[in-house]
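Pasted below: run.txt, compact mmCIF, C-alpha atoms.
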# COMPACT_ATOMS: atom_id res chain seq x y z
CA MET F 212 0.00 0.00 0.00
CA ALA F 213 1.23 3.50 -0.85
CA GLU F 214 2.70 5.49 2.03
CA ALA F 215 1.54 9.07 2.66
CA LYS F 216 4.93 10.32 1.45
CA ASP F 217 4.23 8.70 -1.93
CA ILE F 218 1.07 10.74 -2.43
CA ILE F 219 1.72 13.92 -4.42
CA THR F 220 -1.15 16.39 -4.67
CA ALA F 221 -2.01 19.29 -6.91
CA ALA F 222 -4.52 22.04 -7.56
CA ILE F 223 -5.37 24.03 -10.67
CA LEU F 224 -6.02 27.75 -10.51
CA VAL F 225 -7.81 28.92 -13.66
CA ILE F 226 -7.50 32.67 -14.13
CA GLY F 227 -9.66 34.75 -16.43
CA ASP F 228 -12.86 36.75 -16.71
CA GLU F 229 -13.51 35.08 -20.05
CA ILE F 230 -13.87 31.68 -18.38
CA LEU F 231 -16.29 32.97 -15.75
CA SER F 232 -18.38 34.83 -18.33
CA GLY F 233 -18.67 31.75 -20.53
CA ARG F 234 -17.08 33.45 -23.53
CA THR F 235 -14.27 30.91 -23.39
CA LYS F 236 -14.90 27.25 -22.60
CA ASP F 237 -12.16 25.72 -20.49
CA LYS F 238 -10.33 22.86 -22.20
CA ASN F 239 -7.39 22.65 -19.84
CA ILE F 240 -8.76 21.17 -16.61
CA GLY F 241 -9.50 17.70 -17.98
CA TYR F 242 -6.22 17.58 -19.87
CA ILE F 243 -4.16 18.53 -16.82
CA ALA F 244 -6.08 16.15 -14.57
CA GLU F 245 -5.42 13.18 -16.85
CA TYR F 246 -1.80 14.21 -17.40
CA LEU F 247 -1.15 14.43 -13.66
CA ALA F 248 -2.90 11.13 -12.98
CA ASN F 249 -0.51 9.45 -15.40
CA LEU F 250 2.38 10.87 -13.35
CA GLY F 251 0.94 9.64 -10.07
CA ILE F 252 -0.11 13.14 -8.96
CA ASP F 253 -3.58 13.53 -7.43
CA LEU F 254 -5.54 16.57 -8.56
CA LYS F 255 -7.46 17.59 -5.44
CA GLU F 256 -8.97 20.98 -6.23
CA VAL F 257 -9.79 23.38 -9.06
CA ARG F 258 -10.58 27.07 -8.57
CA ILE F 259 -11.58 29.66 -11.14
CA VAL F 260 -10.93 33.32 -10.35
CA PRO F 261 -11.35 36.57 -12.28
CA ASP F 262 -8.59 38.85 -13.53
CA GLU F 263 -8.41 40.59 -10.16
CA GLU F 264 -5.16 40.74 -8.24
CA LYS F 265 -6.56 40.12 -4.77
CA GLU F 266 -8.60 37.13 -5.93
CA ILE F 267 -5.55 35.58 -7.58
CA VAL F 268 -3.25 36.27 -4.64
CA ASP F 269 -5.68 34.93 -2.04
CA ALA F 270 -6.46 31.77 -4.00
CA LEU F 271 -2.82 31.10 -4.81
CA ASN F 272 -1.65 31.53 -1.22
CA ALA F 273 -4.35 29.16 0.01
CA LEU F 274 -3.66 26.49 -2.59
CA ARG F 275 0.14 26.52 -2.52
CA LYS F 276 0.17 25.87 1.21
CA ARG F 277 -2.29 22.99 0.91
CA TYR F 278 -0.95 21.00 -2.04
CA THR F 279 2.37 19.78 -3.39
CA TYR F 280 1.89 21.73 -6.63
CA VAL F 281 -0.34 24.46 -8.03
CA PHE F 282 -0.77 24.84 -11.77
CA THR F 283 -2.17 28.14 -13.00
CA THR F 284 -3.56 28.76 -16.46
CA GLY F 285 -4.30 32.11 -18.08
CA GLY F 286 -3.35 35.73 -17.68
CA ILE F 287 0.26 35.77 -18.89
CA GLY F 288 -0.31 37.37 -22.30
CA PRO F 289 0.52 40.87 -23.62
CA THR F 290 -2.66 42.77 -22.71
CA HIS F 291 -3.47 45.05 -19.78
CA ASP F 292 -5.65 42.45 -18.06
CA ASP F 293 -2.92 39.79 -18.09
CA ILE F 294 -1.92 40.29 -14.47
CA THR F 295 -1.05 36.77 -13.35
CA ALA F 296 2.72 37.33 -13.16
CA ASP F 297 2.26 40.45 -11.01
CA ALA F 298 -0.20 38.65 -8.75
CA VAL F 299 2.14 35.68 -8.32
CA ALA F 300 4.99 38.02 -7.40
CA LYS F 301 2.77 39.68 -4.82
CA ALA F 302 1.66 36.32 -3.40
CA PHE F 303 5.30 35.36 -2.85
CA GLY F 304 6.34 38.81 -1.66
CA VAL F 305 9.00 39.24 -4.36
CA SER F 306 9.71 41.85 -7.01
CA ILE F 307 9.02 41.42 -10.71
CA ASP F 308 11.12 42.60 -13.63
CA TYR F 309 12.11 41.78 -17.18
CA HIS F 310 13.90 38.44 -17.32
CA PRO F 311 16.94 38.65 -19.62
CA ARG F 312 16.51 35.19 -21.13
CA ALA F 313 12.75 35.66 -21.56
CA LEU F 314 13.43 38.94 -23.39
CA GLU F 315 15.89 37.19 -25.69
CA ILE F 316 13.43 34.42 -26.50
CA ILE F 317 10.56 36.79 -27.21
CA ALA F 318 12.72 39.20 -29.22
CA ALA F 319 13.99 36.34 -31.40
CA ARG F 320 10.46 35.09 -32.06
CA VAL F 321 9.23 38.61 -32.84
CA LYS F 322 12.10 39.14 -35.30
CA GLU F 323 11.44 35.79 -36.92
CA ARG F 324 7.85 36.81 -37.56
CA GLY F 325 8.77 40.26 -38.81
CA GLN F 326 6.92 41.94 -35.94
CA GLU F 327 7.76 44.86 -33.67
CA MET F 328 9.15 44.34 -30.18
CA ASN F 329 6.70 46.70 -28.52
CA GLU F 330 5.72 47.29 -24.89
CA ALA F 331 2.86 44.80 -25.01
CA ARG F 332 5.10 41.94 -26.12
CA MET F 333 7.74 42.91 -23.58
CA ARG F 334 5.14 42.44 -20.83
CA MET F 335 5.39 38.71 -21.40
CA ALA F 336 9.04 38.79 -20.29
CA ARG F 337 8.20 40.11 -16.81
CA ILE F 338 8.98 37.29 -14.38
CA PRO F 339 8.89 37.25 -10.55
CA LYS F 340 12.31 37.28 -8.88
CA GLY F 341 13.57 33.78 -8.15
CA ALA F 342 11.36 32.07 -10.71
CA GLU F 343 12.72 29.74 -13.38
CA LEU F 344 11.40 29.77 -16.92
CA VAL F 345 9.12 27.09 -18.34
CA GLU F 346 9.85 26.60 -22.01
CA ASN F 347 7.17 27.33 -24.60
CA LYS F 348 7.95 25.60 -27.88
CA ALA F 349 4.62 26.68 -29.36
CA SER F 350 4.77 30.48 -29.34
CA GLY F 351 7.99 31.41 -27.58
CA ALA F 352 6.89 33.48 -24.58
CA PRO F 353 7.72 31.29 -21.57
CA GLY F 354 5.77 30.40 -18.49
CA PHE F 355 7.56 30.12 -15.17
CA ARG F 356 7.85 28.18 -11.95
CA ILE F 357 8.38 29.66 -8.52
CA GLU F 358 8.68 27.17 -5.66
CA ASN F 359 5.69 24.81 -6.05
CA VAL F 360 3.69 27.02 -8.42
CA ILE F 361 3.81 26.42 -12.17
CA VAL F 362 2.40 29.32 -14.21
CA MET F 363 1.18 28.50 -17.71
CA ALA F 364 -0.73 30.06 -20.56
CA GLY F 365 -4.47 29.61 -20.97
CA VAL F 366 -4.42 28.73 -24.68
CA PRO F 367 -4.67 24.91 -24.66
CA SER F 368 -2.01 24.20 -27.31
CA ILE F 369 0.47 26.46 -25.50
CA MET F 370 -0.45 25.19 -22.04
CA GLN F 371 0.16 21.63 -23.18
CA VAL F 372 3.74 22.24 -24.35
CA MET F 373 4.45 24.17 -21.15
CA LEU F 374 3.16 21.24 -19.10
CA ASP F 375 5.44 18.91 -21.05
CA ALA F 376 8.35 21.22 -20.29
CA ALA F 377 7.54 21.42 -16.57
CA ALA F 378 6.83 17.72 -16.06
CA PRO F 379 10.44 16.45 -15.76
CA GLY F 380 10.95 18.68 -12.71
CA LEU F 381 7.94 17.35 -10.83
CA LYS F 382 7.98 14.80 -8.05
CA THR F 383 5.80 11.83 -8.93
CA GLY F 384 3.97 9.50 -6.61
CA ALA F 385 2.54 6.01 -6.59
CA LYS F 386 0.11 5.73 -9.48
CA MET F 387 -3.57 5.13 -8.94
CA GLU F 388 -4.96 1.93 -10.45
CA SER F 389 -8.58 1.66 -11.49
CA VAL F 390 -11.12 -0.81 -12.82
CA SER F 391 -14.55 -0.17 -14.29
CA ILE F 392 -17.43 -2.62 -13.94
CA ARG F 393 -20.62 -2.39 -15.99
CA ALA F 394 -23.43 -3.25 -13.62
CA ASP F 395 -26.37 -3.60 -16.02
CA LEU F 396 -28.43 -2.35 -13.09
CA LYS F 397 -29.90 1.00 -12.09
CA GLU F 398 -27.85 3.05 -9.65
CA GLY F 399 -30.63 2.78 -7.09
CA ASP F 400 -30.48 -1.03 -7.27
CA ILE F 401 -26.93 -1.12 -5.93
CA GLY F 402 -26.56 2.08 -3.90
CA THR F 403 -26.99 0.59 -0.42
CA GLU F 404 -24.82 -2.47 -1.04
CA LEU F 405 -22.13 -0.36 -2.74
CA GLY F 406 -21.95 1.83 0.34
CA GLU F 407 -21.43 -1.24 2.53
CA ILE F 408 -18.60 -2.46 0.31
CA ALA F 409 -16.97 0.99 0.38
CA ARG F 410 -17.01 0.98 4.18
CA ALA F 411 -15.53 -2.53 4.25
CA HIS F 412 -12.70 -1.50 1.91
CA PRO F 413 -11.48 1.89 3.22
CA SER F 414 -8.28 1.93 1.15
CA VAL F 415 -10.19 2.06 -2.13
CA MET F 416 -12.40 4.70 -3.70
CA ILE F 417 -15.63 3.47 -5.22
CA GLY F 418 -17.83 5.61 -7.46
CA SER F 419 -21.04 4.87 -9.34
CA TYR F 420 -21.72 6.63 -12.62
CA PRO F 421 -25.19 6.32 -14.16
CA PHE F 422 -25.67 6.39 -17.92
CA PHE F 423 -28.44 5.55 -20.37
CA ASP F 424 -28.16 2.41 -22.45
CA GLU F 425 -30.30 2.38 -25.60
CA LYS F 426 -31.12 -1.32 -25.18
CA ILE F 427 -31.83 -1.68 -21.46
CA GLY F 428 -32.36 1.92 -20.37
CA PRO F 429 -30.83 3.34 -17.16
CA ASN F 430 -27.53 1.66 -16.35
CA THR F 431 -24.51 2.14 -14.09
CA ASN F 432 -20.74 1.86 -14.29
CA VAL F 433 -18.93 1.23 -11.02
CA VAL F 434 -15.35 2.54 -10.91
CA ILE F 435 -12.94 1.33 -8.23
CA ARG F 436 -9.63 3.14 -7.65
CA SER F 437 -6.71 2.43 -5.33
CA ARG F 438 -2.92 2.51 -5.10
CA ASP F 439 -3.03 -0.88 -3.39
CA THR F 440 -3.36 -3.61 -6.02
CA ARG F 441 -4.51 -6.28 -3.58
CA ALA F 442 -7.13 -3.99 -2.05
CA LEU F 443 -8.32 -3.06 -5.54
CA HIS F 444 -8.79 -6.69 -6.52
CA ALA F 445 -10.55 -7.53 -3.25
CA ALA F 446 -13.01 -4.67 -3.71
CA ARG F 447 -13.56 -5.64 -7.32
CA GLU F 448 -14.44 -9.20 -6.32
CA ALA F 449 -16.86 -7.89 -3.70
CA VAL F 450 -18.56 -5.55 -6.18
CA GLU F 451 -18.84 -8.22 -8.87
CA ALA F 452 -20.32 -10.70 -6.38
CA MET F 453 -22.79 -8.08 -5.14
CA ILE F 454 -23.90 -7.22 -8.67
CA ALA F 455 -24.34 -10.89 -9.56
CA GLN F 456 -26.48 -11.47 -6.46
CA ILE F 457 -28.71 -8.47 -7.10
CA ARG F 458 -29.22 -9.49 -10.74
CA LYS F 459 -30.19 -12.96 -9.51
CA ASN F 460 -32.63 -11.55 -6.96
CA LEU F 461 -34.27 -9.25 -9.51
CA ALA F 462 -34.60 -12.08 -12.02
CA ALA F 463 -36.27 -14.39 -9.48
Would you mind writing the structure in this file as structure tokens?
Amino acid sequence: MAEAKDIITAAILVIGDEILSGRTKDKNIGYIAEYLANLGIDLKEVRIVPDEEKEIVDALNALRKRYTYVFTTGGIGPTHDDITADAVAKAFGVSIDYHPRALEIIAARVKERGQEMNEARMRMARIPKGAELVENKASGAPGFRIENVIVMAGVPSIMQVMLDAAAPGLKTGAKMESVSIRADLKEGDIGTELGEIARAHPSVMIGSYPFFDEKIGPNTNVVIRSRDTRALHAAREAVEAMIAQIRKNLAA
């Protein structure tokens, strides 16, 4: 069974008025969650905050103390409302200034595209003191990491390459195993018994997920998750036996 020290946790802080207004549909949360799960990192919490400094600072300070890592998305672009870097600096109580290497990277990309290195583009090179850059192979302007906080862009294609760049520097934990069992029963048919099995197997997580089957109507998938392989198999056997018994009873 996995020890507590093997369990690495994370939170996502999504930053942006456009997410809260519905103008932009978030595509990053699910991607990050699955990515972290494959590394053995448990995503425990997601928060969405507006482009307001106090909201970002308060949320970041709460999350970074609670979890091993915090991943932020959004608010590191060239416009006036991209204030994430400033808010992160304030949360850590450090100064922020143009990062020489970030300036070089952005200037090279701007020149390559035949654009002008203006004030707006230079904003993306402002990095909190003590932070290290997170490479951005997609568009050039880097993200950054400061202590346990990884700051990334909100554009999915850019966020994804930043996450790839940050991943080698992350601690990984014992991976969660899971099995899914199709019950061919309604959720209400198995709810009580499933609760009893969950209590009898405290080292596993058991969830029931209803769905509609075109042939038999309401149906349920039972998903069992654990870092302990033996506990996982024991719970699976208990769930399968329970489902078989209930099917038998209903058919009688």
Selection near Asp297 of chain F, 9 Å with all atoms listed in the file, sequence-local residues under 5 positions removed, as a compact mmCIF listing (two decimals) with C-alpha atoms, keeping the file's coordinate frame:
# COMPACT_ATOMS: atom_id res chain seq x y z
CA GLU F 264 -5.16 40.74 -8.24
CA ALA F 302 1.66 36.32 -3.40
CA SER F 306 9.71 41.85 -7.01
CA ILE F 307 9.02 41.42 -10.71
CA ARG F 337 8.20 40.11 -16.81
CA ILE F 338 8.98 37.29 -14.38
CA PRO F 339 8.89 37.25 -10.55
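Among the candidate residues F:His412, F:Arg393, F:Arg332, F:Lys238, the one lying nearest to Val434 of chain F is F:Arg393, with distances computed using all atoms listed in the file.
Shortest separation to Thr283 of chain F among F:Gly304, F:Gly251, F:Gly227, F:Gly428 occurs at residue F:Gly227, atoms counted being only C-alpha atoms.
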Q | Shortest interatomic distance to Val372 of chain F - which of F:Pro413, F:Pro311, F:Pro353, F:Gly286, counting only C-alpha atoms | A |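 Looking only at the distances to Val372 of chain F, the closest residue turns out to be F:Pro353.
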Q | Contacts of segment 376-381 of chain F at 8 Å (only C-alpha atoms; same-chain gap of 2+ positions) as a PyMOL selection string | A | chain F and resi 345-347+361+372-374+383
**Q.** Length of the atom CA of Arg438 of chain F to atom CA of Phe422 of chain F vector [Å]
**A.**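 About the pair atom CA of Arg438 of chain F and atom CA of Phe422 of chain F: they are 26.4 Å apart.
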